[in-house]
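To start, the structure under review is shown below, and the notes come after it.
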Amino acid sequence: MAEKAALGRHRVSAIIVSHDGQTWLPETVAALTSQTRPLDYIVAVDTASKDSSQQLLKSARIPIIDADRKTGFGEAVSLGVESLKPVQTETIEWIWLIHDDCAPAPTALEFLLQAIEGRPQVAMVGPKLLGWHDRTHLLEAGVSIAGNGARWTGLEPLEYDQGQHDGIHDVLSVSTAGALIRRDIFEEIGGFDKNLALFRDDVDIGWRARVAGHTVIAVTSAVVFHAQAASSERRMVDVEGAFLHRPLLLDRRNAAYVLLANSTWWMIPWLAFQLLSSAMVRSAGYLLVKLPGYASDELLAVASLIVKPTIIFKARKDRKAKRFVSSRIVSAYIPPRWSQLRLSTSRMFEAVRSRLLPASDTPSTSILNSLEDEDLLVPTKSLQWLNLFKKPEVAGFILLSLITLIASRMRLGSLIGGALPMSPDGARDLWKSYFESWHQVGMGTSQAAPPWIAILALCASIFFGKAAIFLTLFFLVAPIFMMWSSLRLFKKITQNSWISVSASFIYAISPVAIAAVNSGRLATVVALIIAPQIPILLIHWKEIELHSWRRIFLISLVVGVLTAFTLSVFVILLGLTLFAIFSDYLSFVADQGRPLFLERIKKRLTLLLVPFLLTAPFSFEALLAPSKFLSEPGLSVAGGEASLVILGNPGGIGSLPWWLISPLPLILCVALFSSSKARTIALFGTGFLSAAVLFSSLSIATHGNSAPSRIWVGTFLVGATGAACMAGVVILDRLRMVLITSNFHFRHILAALLLLFSLSYSVLTLGWSVSAGADSPVQNSDSTVMPAFLSVEKDTKTLVLREMGNAGSKTVQYYISRGKDISLGEPDVAPPQVSEIAAATQALIDGSGISSSKVFADFGIKYVFAKAPFDKNIIRTIDGLGGFTRASATSVGVVWRVAGVTGRLVLIGKDGDRELLEAGEIGARVIVTHPGRILLTESYDRSWLVLQNGYRLERTVSEQGSPLFIATQSGEISLLHDGTIRRAWLSFQLISWIVVIIAAAPAGRRKREISDKELA
Amino acid sequence: MKRSLLSLLALALSFTLATLLTVTTKSSVFSETYPEVVCPPTLNGLSSQISIASRKTAFQRLATKSTKTIPFNVLRYPEIKDSLIVSALGTTPVIWQSRSGSWAGGTLCTGPISSQWFVGGSSDVRTRGNIVVINSGLSAAIIDLHIYSENGKQPLVSINVAAKSLKVISLDSLATGDKSLTVQVVPRSGRINAFMIDELGAGLKALGGDLVNPVNSTAKTLVIPAIPNQILKRGETPSAAHILRILAPADVDANFTLELLSENGTFVPVGFNSRNITAGVVTEFVLSPKIVASSFAVRITSDEPIVAAISSKFITNGRRDFVWSTPTSALTPMKMAVTGLSPIIVFAADSIAVTIEVALVNGKRSIVTIKGRDVATWRVPKSARSITIIEASRETYAGALVASIHGYGYLPITPGSILAKVEIPHSNIRVLNP
């Protein structure tokens, strides 16, 4: 009775704001009329609905106030409030805000009023919002705003309401849908902000009520079902300020407005940064899922406030006038950053989990369905761990892991050897090497760094910048990844795990895999891991039109990553594409299917050219130096002969001995005459093998090695090996059933021989890998070539002489060092030898080089270093030549200083006197004491500039082909290498990758495209 | 099936093409040059004549800083003082030095060395000899002198020689008071040549002298192919005409056997079968073979590496002189300038077959074939300017004996500069990878 009396003290006037709400309005009206606590008054404000909303309201005999179509929610509410009659002094008047797309439960108002009883400080109270369609879906129980402007409910996405949040909660604000606001306070704080026509007006009014000294609570016993029609784009947003009717833009703009207008002034810079950065991140995300409209909304929202800052200043002034307590009191209701992070991480893991481990469609069996006499405490299924090891997958991976670990015992540390140079100190060095427009290698070069350096740098960054650790781990786990990757492919072909696991095991210990790991062939190892994924993605190579454009771009992206490591992939793809186009042409000439032919050509060319573009300018430079198409990252190390390659073994250092013949070529041959799908696969495999054999006869001089060395055909053999394994899987899968069901005949013998061959190969290879193979060229080493004292003088050029090769066939080789050993990426950009230096070095060795020291000095070479052990006769010869003074002779080697003034930057006076200028690593700022010619002892490049007093000095080419600048006066000069072209290429590359990633990414859906069921 | 066969055919074709087209990568390319040779200087009181095979042969003086070369324009060049650097291009020039009325001797102008053994000279009161160390390079050099005497190994002597200069070291300063010297010259750095002049005197009386030809390395078998043997006239008293000086420089004592090869037969002289010598000690043995030949050869075999030389005494025009005969390497094709020398060449081998081309001063050429067993001698025509060993039987050794009015001399028939086959280096960034 007392309760009823108390409730009677309150007068509740419902204000319905209607805007094209005919879909939901009938239920809304019905819900209002069926409240257990009847409403005292009801009024509707219709903002010129174009549908039958007005008729519906009129038929319910609800008074209607007409408003303009552009009228915002707050303005509409104000119109409604103004229409309410004044009340008696002892009565507390409440305004119940009802959206036309929300329907309160019958007890909603009653519970709301019960909650405020005994809480005189409450100015605003809101219900628990549940989904309109799925009425178990919890939408909100109070609302706040995150520092980045996100609407914060503290709930999981699509959280099921089980009463877990029930109670009365002190909150920053509540949604305006079903919110009950005290009229006097509403009028005291000035109602809704007119700048917030729609969205976030609820957070704003709650915040203002809070700082005015009032309380806002959420009462979960009161329930309102909300369709969220505007935010889910179920109706057009027509309010003033909603640019192009874009709800997201309005929402983000209003979020930023609320934060900037209400927060304390010293938080503004931090908030502005958060808003901008989060808008950019979200834009990138939207771009990634191909929603450019949403992406632009994010940025435009922030921009619209930046261009009109006076709105914020005015809003802050208004709020200051009505503020009773500090804005900081709301900080308790602002979600901490860690909870945002936790929620984001949780969402991400859930997304990954649902992708990798989709929920089983198998209906779960209730334990209650078991036999009644069974003890319910006894588990229905016991897990036997030993059975786990009997699974071929587990056994295969464990065996391979153990073998790999034993075989890699010499590779546990910083790796050097074979084709693999020393790893740089950190990812930073790799990034620097990638971004630099000038590389201090040899006489210097402006060649484009290959894109694999950026990929490696990215991976190394994940390992806290430790490139060496990443590479060690990469080579350690590479065989396991190869097996995993190929297993994914083989599982698509056969259901029999024993066959697929055995095939993937052989793939991981194939001759090319072992040689690639042992000799540090980065590209081949990457190809062995990635290549099996390509047939999974590109199922319809022949009927390529069956693949969507998104799939084509996804494959292009994968191939692009491979091409970044070696352009051999492009050569392979070019061959396959030309063959396929020719084949298509023959088919379509007969069938007159021109449109389909063109469609196929488009997709095939996209697949061919996109990876080529992604790797520009490195790929473009290869057009001028075609040997790059057949080279691998790292040092130029010779591959094997054709007689070895035809057996699937790439040869070269670190490869299996010739007598360890793999069964793969035999499988290919058998598969060629099989009647199954294996034959098609074998045709591809034989093609790869033929190309590998053909290319193995060629020798190229590249990557800083002037002597031609035989091409390493590992990448081609990856295709042949993969195809052979695939064909083997297909044959065995089919043959198994035939052998079981048929009598003993030649197929049984053939299968037995094949298995025996494979088994013996596996056993012998594993034995070799853990014994002789462990002493591979790639090993853990911390030795260096250059003595420390030659690294002291910054960027000093030293001609390093070294005897290379075996004891019986040692050859003298040389290169120019910049005071340090080479590191990863540098051989790939190493310039070819300079003929003058080559001639001077030859003369130095044969003793005829009277002018060698002068040539070296002209090229800025300050020291000659003969790395021990070295031919003593040659050392004596150099001793005998003029212009070389012994600087040291230690166990490391002999060092001579080249006579004359030499260095990186030399000022040559009119009388020919030379003066050494201080020069940095690339650029320099130095004072020239007199006019003269400034010789930069680097390779000539048009991007070298010397500025004096803001003017460019005239640049010419010296006799040695180095840049020479004419300084007509003394003064400070600035030497720099203009990296504009490199930066332009990097921008092009970045844009290309982004575009292709976006094109390859699954497309996101606009909210209006999401079904009601999904939205709840 | 057709496609499968075509595919296999393509594979076979690729393999055939690859096998046929494979270009054998020649990773090593060589540059062949003859290093310039250095002739010793003419020390005070001496006179020198350098025999050259061609007037166009160019030289530069050691003392001048310029590296410019000028042609000799003559075939026998008298040098007053300097050491000469000769661009002989494979021909070995020969220098003949003499002290008027005292002694004469010859040696080869040689290329830079890595090690030289001089078995000869002494450090006692009679010695007036020197060792000349020449640095023909353009950088300063450091040279070690390892000295051995009858008292064992002496302290190491290291000397610095400035670029394009020489240093003359008196032999008596190396192991003062010791009679029997053997010196090894080892350059630590630099382009070095060394020459030794062994000259003896007692007061004002000259006791003869000679240029000691160097031995490049120790060996277990040595052949000294030309040892002059002055036949005693009736009534002359036989004396210790030949003295074998021998050293086993390693740490282990050596046993050696000396075999004498002469026109009178091959035999081991009494007392020279398995003789023991102490390691590191220079030992001398008197060799007085009773033979009537004017020259002979010896073959010394040892169980440890040794160096050796034979000093032969002479009396010429009443003056005493001596000649140091040193081991040579087996004959190989080579060319030697002999203008004005007309030497007698002694060949030593079990079976001798040597083809020589003789170039005369007038430009004519003739081919001479020498055949024999054990020892064969051949006098080079007086008008010859060069001899070229075109072909030689295996393990054949040769030395030349030269007589002049000032005395006798010995020249090993061995190239003064060896064709230096140097591999042309190529640039490879791999040298910077540990």
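Residues in the structure tokens are named by chain (A, B, ... in the order shown) and by number from 1 within that chain; ligands are numbered from 1 in the order shown.
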Report as a ChimeraX atom specification: the residues of segment 769-861 of chain A with a DSSP assignment of strand (DSSP E or B), based on the backbone of this structure. /A:779-780,797-804,811-817,823,861
Might you pull out every residue within 7 Å of segment 197-205 of chain A, with only C-alpha atoms counted and same-chain residues fewer than 3 positions away left off, and present them as a PDB file with C-alpha atoms, in the first residue's frame?
ATOM      1  CA  GLY A  72      17.042  15.487 -34.021  1.00  0.00           C
ATOM      2  CA  PHE A  73      16.066  13.184 -31.209  1.00  0.00           C
ATOM      3  CA  GLY A  74      16.923  15.681 -28.466  1.00  0.00           C
ATOM      4  CA  VAL A 143      26.438   2.716 -21.133  1.00  0.00           C
ATOM      5  CA  SER A 144      29.710   4.608 -21.121  1.00  0.00           C
ATOM      6  CA  SER A 173      24.519   6.933 -18.476  1.00  0.00           C
ATOM      7  CA  VAL A 174      21.741   4.802 -19.875  1.00  0.00           C
ATOM      8  CA  SER A 175      20.358   4.528 -23.365  1.00  0.00           C
ATOM      9  CA  THR A 176      17.599   6.987 -24.193  1.00  0.00           C
ATOM     10  CA  PHE A 192      19.759  17.252 -24.841  1.00  0.00           C
ATOM     11  CA  ASP A 193      22.578  19.034 -26.612  1.00  0.00           C
ATOM     12  CA  LYS A 194      21.283  20.291 -29.948  1.00  0.00           C
ATOM     13  CA  ARG A 208      26.141  16.283 -17.642  1.00  0.00           C
ATOM     14  CA  ALA A 209      23.713  14.986 -15.052  1.00  0.00           C
ATOM     15  CA  VAL A 239      18.703  14.456 -38.975  1.00  0.00           C
ATOM     16  CA  GLU A 240      20.519  17.707 -39.530  1.00  0.00           C
ATOM     17  CA  ASP A 251      28.031   8.323 -34.345  1.00  0.00           C
ATOM     18  CA  ASN A 254      29.211  12.703 -31.809  1.00  0.00           C
ATOM     19  CA  ALA A 255      31.423  10.389 -29.773  1.00  0.00           C
ATOM     20  CA  VAL A 258      31.012  14.190 -26.227  1.00  0.00           C
TER      21      VAL A 258
END
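Using only C-alpha atoms, the shortest contact distance between Phe118 of chain B and any of B:Ala194, B:Ile50, B:Leu174, B:Ala359 is found at B:Ala194.
For the choices A:Leu139, A:Leu683, A:Gly178, A:Lys862, the atom-to-atom distance to Asp161 of chain A is smallest for A:Leu139 when using only C-alpha atoms.
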Residues near Ser769 of chain A, cut-off 9 Å, only C-alpha atoms, skip fewer than 3 positions along chain, as a ChimeraX atom specification: /A:403-404,406-408,514,656,764-766,772-775
